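One file, upload-v8.csv, carrying CSV, C-alpha atoms and all ligand atoms:
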```
chain,number,residue,atom,x,y,z
A,1,MET,CA,96.5,106.4,50.4
A,2,ARG,CA,94.0,107.5,52.9
A,3,ARG,CA,95.2,107.9,56.5
A,4,LYS,CA,93.4,106.3,59.3
A,5,ALA,CA,91.7,108.7,61.7
A,6,PRO,CA,93.6,109.0,64.9
A,7,PRO,CA,92.2,107.0,67.8
A,8,PRO,CA,89.8,109.0,70.0
A,9,GLU,CA,91.4,110.5,73.1
A,10,SER,CA,90.6,108.6,76.2
A,11,ALA,CA,89.2,110.3,79.3
A,12,ALA,CA,92.6,109.7,80.9
A,13,ASP,CA,94.4,111.5,78.1
A,14,VAL,CA,92.1,114.4,78.2
A,15,TRP,CA,92.6,114.8,81.9
A,16,LEU,CA,96.3,114.4,81.7
A,17,GLY,CA,96.4,117.2,79.0
A,18,LYS,CA,94.5,119.5,81.4
A,19,VAL,CA,96.9,118.7,84.3
A,20,GLN,CA,99.9,119.4,82.0
A,21,ARG,CA,98.4,122.8,80.9
A,22,SER,CA,97.5,123.7,84.5
A,23,LEU,CA,101.1,122.9,85.5
A,24,GLU,CA,102.5,125.1,82.7
A,25,SER,CA,100.2,127.9,83.7
A,26,ALA,CA,101.2,127.6,87.4
A,27,ARG,CA,104.9,127.4,86.6
A,28,ALA,CA,104.6,130.6,84.5
A,29,VAL,CA,103.2,132.5,87.5
A,30,ALA,CA,105.5,130.8,90.0
A,31,THR,CA,108.7,132.2,88.4
A,32,ASP,CA,107.5,135.7,89.5
A,33,THR,CA,106.2,134.4,92.9
A,34,PRO,CA,108.9,132.2,94.4
A,35,ALA,CA,107.0,131.8,97.7
A,36,PRO,CA,107.6,128.5,99.6
A,37,GLU,CA,103.9,127.6,99.7
A,38,VAL,CA,103.6,127.9,96.0
A,39,LYS,CA,105.8,124.9,95.6
A,40,PHE,CA,103.2,122.7,97.0
A,41,VAL,CA,100.8,123.3,94.2
A,42,LEU,CA,103.5,122.9,91.6
A,43,ARG,CA,104.8,119.7,93.1
A,44,ALA,CA,101.3,118.3,93.4
A,45,LEU,CA,100.6,119.1,89.8
A,46,ALA,CA,103.9,117.7,88.6
A,47,LEU,CA,103.3,114.5,90.5
A,48,ALA,CA,99.8,114.3,89.1
A,49,GLU,CA,101.2,114.6,85.7
A,50,LEU,CA,103.7,111.8,86.4
A,51,LEU,CA,101.0,109.5,87.8
A,52,GLY,CA,98.4,110.5,85.2
A,53,SER,CA,99.4,107.8,82.7
A,54,GLY,CA,99.8,105.1,85.4
A,55,GLY,CA,96.2,104.9,86.5
A,56,PRO,CA,95.8,105.5,90.2
A,57,ARG,CA,94.3,103.1,92.7
A,58,SER,CA,90.6,103.3,93.3
A,59,ILE,CA,88.9,104.0,96.6
A,60,ILE,CA,85.6,102.3,97.2
A,61,VAL,CA,83.1,104.2,99.2
A,62,ARG,CA,79.7,102.6,99.7
A,63,LEU,CA,77.3,105.5,99.9
A,64,ASP,CA,75.1,103.9,102.6
A,65,GLU,CA,77.9,102.6,104.7
A,66,PRO,CA,79.8,104.8,107.2
A,67,GLU,CA,83.0,105.0,105.1
A,68,CYS,CA,85.1,108.1,104.8
A,69,PHE,CA,84.6,110.0,101.5
A,70,THR,CA,88.3,110.7,101.3
A,71,CYS,CA,90.1,107.5,102.4
A,72,GLY,CA,87.4,104.9,102.6
A,73,LYS,CA,88.1,103.9,106.2
A,74,SER,CA,85.2,103.5,108.6
A,75,THR,CA,83.9,106.7,110.2
A,76,VAL,CA,82.2,105.0,113.1
A,77,ALA,CA,84.9,105.8,115.6
A,78,TYR,CA,84.8,109.5,114.7
A,79,SER,CA,81.1,110.0,114.3
A,80,GLU,CA,78.6,107.7,112.8
A,81,ALA,CA,76.7,110.2,110.7
A,82,LEU,CA,79.7,112.2,109.5
A,83,LEU,CA,81.0,111.8,106.0
A,84,HIS,CA,84.8,111.7,106.9
A,85,CYS,CA,86.8,109.7,109.4
A,86,SER,CA,88.7,112.8,110.6
A,87,PHE,CA,89.0,116.5,110.3
A,88,THR,CA,92.1,116.0,108.2
A,89,CYS,CA,90.2,113.8,105.6
A,90,GLN,CA,87.6,116.5,105.5
A,91,GLU,CA,90.2,119.1,104.7
A,92,VAL,CA,92.0,116.9,102.1
A,93,GLY,CA,88.7,116.4,100.4
A,94,ARG,CA,88.3,120.1,100.1
A,95,TYR,CA,91.8,120.7,98.7
A,96,VAL,CA,91.4,117.9,96.2
A,97,ARG,CA,88.1,119.3,95.0
A,98,ASP,CA,89.6,122.7,94.8
A,99,LEU,CA,92.5,121.7,92.7
A,100,ARG,CA,90.5,119.3,90.5
A,101,LYS,CA,88.1,122.2,89.8
A,102,LYS,CA,90.9,124.4,88.7
A,103,VAL,CA,92.3,121.7,86.5
A,104,GLU,CA,88.9,120.8,85.1
A,105,PHE,CA,88.1,124.4,84.0
A,106,GLU,CA,91.8,125.2,83.2
A,107,THR,CA,91.5,128.2,85.5
A,108,PRO,CA,94.5,130.5,84.7
A,109,TRP,CA,96.6,130.6,87.9
A,110,ASP,CA,97.5,133.9,89.4
A,111,ALA,CA,99.7,134.6,92.3
A,112,ASP,CA,96.8,134.9,94.8
A,113,LEU,CA,95.2,131.6,93.7
A,114,LEU,CA,98.5,129.7,93.9
A,115,SER,CA,99.5,131.2,97.2
A,116,GLY,CA,96.0,130.6,98.7
A,117,LEU,CA,95.7,127.0,97.8
A,118,GLY,CA,99.4,126.5,98.5
A,119,SER,CA,99.2,127.8,102.0
A,120,LYS,CA,96.3,125.4,102.8
A,121,MET,CA,98.1,122.4,101.4
A,122,ALA,CA,101.3,123.5,103.2
A,123,HIS,CA,99.5,123.5,106.5
A,124,TRP,CA,98.2,120.1,105.9
A,125,VAL,CA,101.4,118.6,104.5
A,126,SER,CA,103.8,120.1,107.0
A,127,THR,CA,102.1,120.0,110.3
A,128,GLY,CA,98.9,118.0,109.8
A,129,ARG,CA,97.2,120.8,111.7
A,130,PRO,CA,93.8,121.7,110.4
A,131,TYR,CA,93.9,124.8,108.3
A,132,ARG,CA,90.8,126.1,109.9
A,133,ARG,CA,91.1,127.0,113.5
A,134,PRO,CA,87.6,128.3,114.1
A,135,VAL,CA,87.2,131.4,116.2
A,136,PRO,CA,83.6,132.0,117.5
A,137,ARG,CA,81.8,134.9,115.9
A,138,LYS,CA,81.6,136.8,119.2
A,139,THR,CA,85.3,136.5,119.9
A,140,ARG,CA,86.1,137.6,116.3
A,141,ASP,CA,84.0,140.7,116.8
A,142,ALA,CA,85.5,141.4,120.2
A,143,VAL,CA,89.1,141.1,118.7
A,144,PHE,CA,88.3,143.5,115.9
A,145,ALA,CA,86.7,145.9,118.4
A,146,ARG,CA,89.6,145.7,120.8
A,147,ASP,CA,92.2,146.4,117.9
A,148,GLY,CA,90.1,149.2,116.5
A,149,GLY,CA,89.4,147.3,113.2
A,150,ARG,CA,93.1,147.9,112.2
A,151,CYS,CA,95.9,145.5,111.4
A,152,VAL,CA,98.2,145.4,114.5
A,153,VAL,CA,101.3,145.3,112.1
A,154,CYS,CA,100.6,148.0,109.5
A,155,GLY,CA,97.5,149.8,110.6
A,156,LYS,CA,95.5,149.0,107.4
A,157,HIS,CA,91.9,147.8,107.6
A,158,ALA,CA,91.9,144.4,109.2
A,159,THR,CA,90.0,141.5,107.7
A,160,GLN,CA,91.6,138.5,109.4
A,161,ILE,CA,92.1,137.1,112.8
A,162,ASP,CA,95.7,136.0,113.5
A,163,HIS,CA,96.6,133.4,116.1
A,164,LYS,CA,99.7,134.8,117.9
A,165,LEU,CA,101.3,131.6,119.1
A,166,SER,CA,99.2,128.6,119.7
A,167,ASP,CA,95.9,127.3,118.3
A,168,SER,CA,94.0,128.7,121.3
A,169,ALA,CA,91.0,130.9,120.5
A,170,ASP,CA,91.5,132.9,123.7
A,171,MET,CA,91.4,136.7,123.2
A,172,SER,CA,94.9,137.0,124.5
A,173,ASN,CA,96.2,134.7,121.7
A,174,LEU,CA,94.3,136.6,118.9
A,175,GLN,CA,94.9,139.8,117.0
A,176,ALA,CA,93.5,141.6,114.0
A,177,MET,CA,95.5,141.7,110.8
A,178,CYS,CA,95.2,142.5,107.2
A,179,ALA,CA,95.5,139.7,104.6
A,180,ASP,CA,99.0,140.9,103.4
A,181,CYS,CA,100.5,140.9,106.9
A,182,ASN,CA,99.0,137.6,107.8
A,183,ARG,CA,100.4,136.0,104.7
A,184,GLU,CA,103.8,137.6,105.4
A,185,LYS,CA,103.8,136.1,108.9
A,186,PHE,CA,102.8,132.7,107.5
A,187,ARG,CA,105.7,132.8,105.1
A,188,ALA,CA,108.2,134.0,107.6
A,189,ARG,CA,107.3,131.2,110.0
A,190,PHE,CA,106.9,128.5,107.4
A,191,VAL,CA,108.7,125.2,108.0
A,192,PRO,CA,108.4,122.7,105.3
A,193,SER,CA,108.2,119.7,107.6
A,194,ALA,CA,107.0,119.6,111.1
A,195,ASP,CA,109.8,117.2,112.3
A,196,GLY,CA,112.4,118.3,109.7
A,197,SER,CA,114.0,114.9,109.9
A,198,LYS,CA,111.3,113.2,107.8
A,199,PRO,CA,111.1,114.9,104.4
A,200,GLU,CA,109.8,111.6,103.0
A,201,ALA,CA,106.6,112.1,105.1
A,202,VAL,CA,105.9,115.3,103.1
A,203,GLY,CA,106.7,113.4,99.9
A,204,ASP,CA,104.3,110.6,100.8
A,205,LYS,CA,101.4,113.0,101.6
A,206,LEU,CA,102.0,114.9,98.4
A,207,SER,CA,102.0,111.7,96.3
A,208,TYR,CA,98.8,110.6,98.0
A,209,PHE,CA,97.3,114.0,97.2
A,210,ALA,CA,98.5,113.9,93.6
A,211,GLU,CA,97.0,110.4,93.1
A,212,LEU,CA,93.6,111.8,94.0
A,213,VAL,CA,94.1,114.7,91.6
A,214,SER,CA,95.5,112.6,88.7
A,215,ALA,CA,92.4,110.3,88.4
A,216,PRO,CA,90.5,111.2,85.2
A,217,SER,CA,87.3,110.9,87.1
A,218,PRO,CA,86.9,111.5,90.9
A,219,LEU,CA,87.8,108.5,92.9
A,220,THR,CA,85.0,109.1,95.4
A,221,PRO,CA,82.0,111.4,95.3
A,222,GLY,CA,83.9,113.5,97.9
A,223,PHE,CA,86.3,114.7,95.1
A,224,ASP,CA,83.6,115.7,92.7
A,225,HIS,CA,83.5,119.5,92.9
A,226,ALA,CA,80.5,119.7,90.6
A,227,THR,CA,78.1,117.7,92.8
A,228,TRP,CA,79.5,117.5,96.3
A,229,ASN,CA,77.9,120.6,97.8
A,230,VAL,CA,74.4,119.5,96.7
A,231,LYS,CA,74.9,115.8,97.3
A,232,ARG,CA,76.7,115.8,100.6
A,233,LYS,CA,73.4,116.7,102.4
A,234,GLU,CA,71.8,113.7,100.8
A,235,TYR,CA,74.7,111.4,101.8
A,236,ALA,CA,74.5,112.7,105.3
A,237,ARG,CA,70.7,112.0,105.5
A,238,LEU,CA,71.3,108.5,104.0
A,239,ARG,CA,73.9,107.7,106.6
A,240,LYS,CA,72.0,109.0,109.5
A,241,ARG,CA,69.0,106.9,108.5
A,242,LYS,CA,71.2,103.8,108.1
A,243,MET,CA,72.8,104.3,111.5
A,244,LEU,CA,69.5,104.9,113.2
A,245,ASN,CA,68.2,101.6,111.7
A,246,LEU,CA,71.4,99.8,112.9
A,247,ASN,CA,71.1,101.3,116.4
A,248,ALA,CA,67.4,100.3,116.5
A,249,ARG,CA,68.2,96.7,115.6
A,250,LEU,CA,71.0,96.7,118.2
A,251,ASP,CA,68.6,97.9,120.9
A,252,GLU,CA,66.2,95.2,119.8
A,253,VAL,CA,68.8,92.5,120.2
A,254,LYS,CA,69.9,93.9,123.6
A,255,ARG,CA,66.2,93.9,124.8
A,256,ARG,CA,65.8,90.3,123.8
A,257,LEU,CA,69.1,89.3,125.5
A,258,GLY,CA,68.0,91.1,128.6
A,259,LYS,CA,64.6,89.3,128.7
A,260,GLY,CA,66.2,85.9,127.8
B,301,ZN,ZN,89.4,109.3,106.0
B,302,ZN,ZN,98.8,144.7,107.8
```

So that I can check it, write out the structure of this file as structure tokens.
Amino acid sequence: MRRKAPPPESAADVWLGKVQRSLESARAVATDTPAPEVKFVLRALALAELLGSGGPRSIIVRLDEPECFTCGKSTVAYSEALLHCSFTCQEVGRYVRDLRKKVEFETPWDADLLSGLGSKMAHWVSTGRPYRRPVPRKTRDAVFARDGGRCVVCGKHATQIDHKLSDSADMSNLQAMCADCNREKFRARFVPSADGSKPEAVGDKLSYFAELVSAPSPLTPGFDHATWNVKRKEYARLRKRKMLNLNARLDEVKRRLGKG
């Protein structure tokens, strides 16, 4: 008797397979790198694997409406022409794209990759603080110059600017560091949850993140690593034009009301 050919794999099955292999690869590295931030990538991938078969919710983003490319909420309150409703959504979009790209290409994880993405996610999950705390170019240069281009901890060549205590970009709060020492400091001060009493808040954020990663195709154009960098400019132009039109119509109405 001839056997029937197996049914073709669906896009969801293919994606789930990639998530599973990515998780295995990450786990293999994590056994040698038991750093706390690494757990975030592992948990996100494990959750994505769990959700992969369930079919995640969809986020509808109308390209010409001012809706956030991460969560679908209106962006008008934040800024009309921007593509996200908050800095957090902008960052989450970036992490989702980053992880989806690694899953897509089945990038083999190494300790640096895991720890790098893990730190970013840990910042977002544990404190909600934006990972990027921009320091103006001039200030950066001045800090490196003041500290002689050397890490203030170990004296190696410094490549990063560390915030001593707060988020302030004041010279007195900044110091030059090498990447290794900066990572050590992050790990030493790492607290899994900002308020400690609410571990479920961390779980919720990670589940949300995992839902966005587990979708076989990106839920919004904002999660499409292949096209985002090219298309986001186009989206921004589209939005700006739309908002200009809206504002012009609003002005017209106001003028008429004023005359009437
Ligand atoms: Zn949003
Ligand atoms: Zn150092």

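Near ligand ZN 302 (chain B), the residues found within 8 Å are A:Arg150, A:Cys151, A:Val152, A:Val153, A:Cys154, A:Gly155, A:Lys156, A:His157, A:Ala158, A:Met177, A:Cys178, A:Ala179, A:Asp180, A:Cys181, A:Asn182 (criterion computed using all atoms listed in the file).
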
* Site check for ligand ZN 301 (chain B): residues at most 7 Å away, only C-alpha atoms and all ligand atoms, as a list of chain:residue names ->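 Checked against 7 Å with only C-alpha atoms and all ligand atoms; the hits are A:Cys68, A:Phe69, A:Thr70, A:Cys71, A:Gly72, A:Lys73, A:His84, A:Cys85, A:Ser86, A:Cys89.
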
* Asked: At what distance in Å, to one decimal, does atom CA of Arg140 of chain A lie from atom CA of Ile161 of chain A?
  ->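 A separation of 7.0 Å between them.
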
Within 10 Å of segment 110-116 of chain A: each segment 6-88 of chain A residue with its shortest pair, only C-alpha atoms, as JSON lines:
```
{"residue": "A:Ser25", "atom": "CA", "partner": "A:Asp110", "partner_atom": "CA", "distance": 8.7}
{"residue": "A:Ala26", "atom": "CA", "partner": "A:Leu114", "partner_atom": "CA", "distance": 7.3}
{"residue": "A:Arg27", "atom": "CA", "partner": "A:Leu114", "partner_atom": "CA", "distance": 10.0}
{"residue": "A:Ala28", "atom": "CA", "partner": "A:Asp110", "partner_atom": "CA", "distance": 9.2}
{"residue": "A:Val29", "atom": "CA", "partner": "A:Asp110", "partner_atom": "CA", "distance": 6.2}
{"residue": "A:Ala30", "atom": "CA", "partner": "A:Ala111", "partner_atom": "CA", "distance": 7.3}
{"residue": "A:Asp32", "atom": "CA", "partner": "A:Ala111", "partner_atom": "CA", "distance": 8.4}
{"residue": "A:Thr33", "atom": "CA", "partner": "A:Ala111", "partner_atom": "CA", "distance": 6.5}
{"residue": "A:Pro34", "atom": "CA", "partner": "A:Ala111", "partner_atom": "CA", "distance": 9.7}
{"residue": "A:Ala35", "atom": "CA", "partner": "A:Ser115", "partner_atom": "CA", "distance": 7.5}
{"residue": "A:Pro36", "atom": "CA", "partner": "A:Ser115", "partner_atom": "CA", "distance": 8.9}
{"residue": "A:Glu37", "atom": "CA", "partner": "A:Ser115", "partner_atom": "CA", "distance": 6.2}
{"residue": "A:Val38", "atom": "CA", "partner": "A:Ser115", "partner_atom": "CA", "distance": 5.4}
{"residue": "A:Lys39", "atom": "CA", "partner": "A:Leu114", "partner_atom": "CA", "distance": 8.9}
{"residue": "A:Phe40", "atom": "CA", "partner": "A:Leu114", "partner_atom": "CA", "distance": 9.0}
{"residue": "A:Val41", "atom": "CA", "partner": "A:Leu114", "partner_atom": "CA", "distance": 6.8}
{"residue": "A:Leu42", "atom": "CA", "partner": "A:Leu114", "partner_atom": "CA", "distance": 8.7}
```

* Asked: Which value, in Å to one decimal, gives the distance between atom CA of Glu211 of chain A and atom CA of Trp15 of chain A?
  ->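 Separation between atom CA of Glu211 of chain A and atom CA of Trp15 of chain A: 12.8 Å.
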
* To do: Could you tell me how far atom CA of Ser207 of chain A lies from atom CA of Ala122 of chain A, in Å and to one decimal?
  =>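 Atom CA of Ala122 of chain A lies 13.7 Å from atom CA of Ser207 of chain A.
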
* To do: Kindly provide, as a list in words, the polymer residues lying within 12 Å of (85.0, 129.3, 115.9), counting all atoms listed in the file and using the coordinates exactly as they appear in the file.
  => Arg132, Arg133, Pro134, Val135, Pro136, Arg137, Lys138, Thr139, Arg140, Asp141, Ile161, Asp167, Ser168, Ala169 and Asp170 of chain A
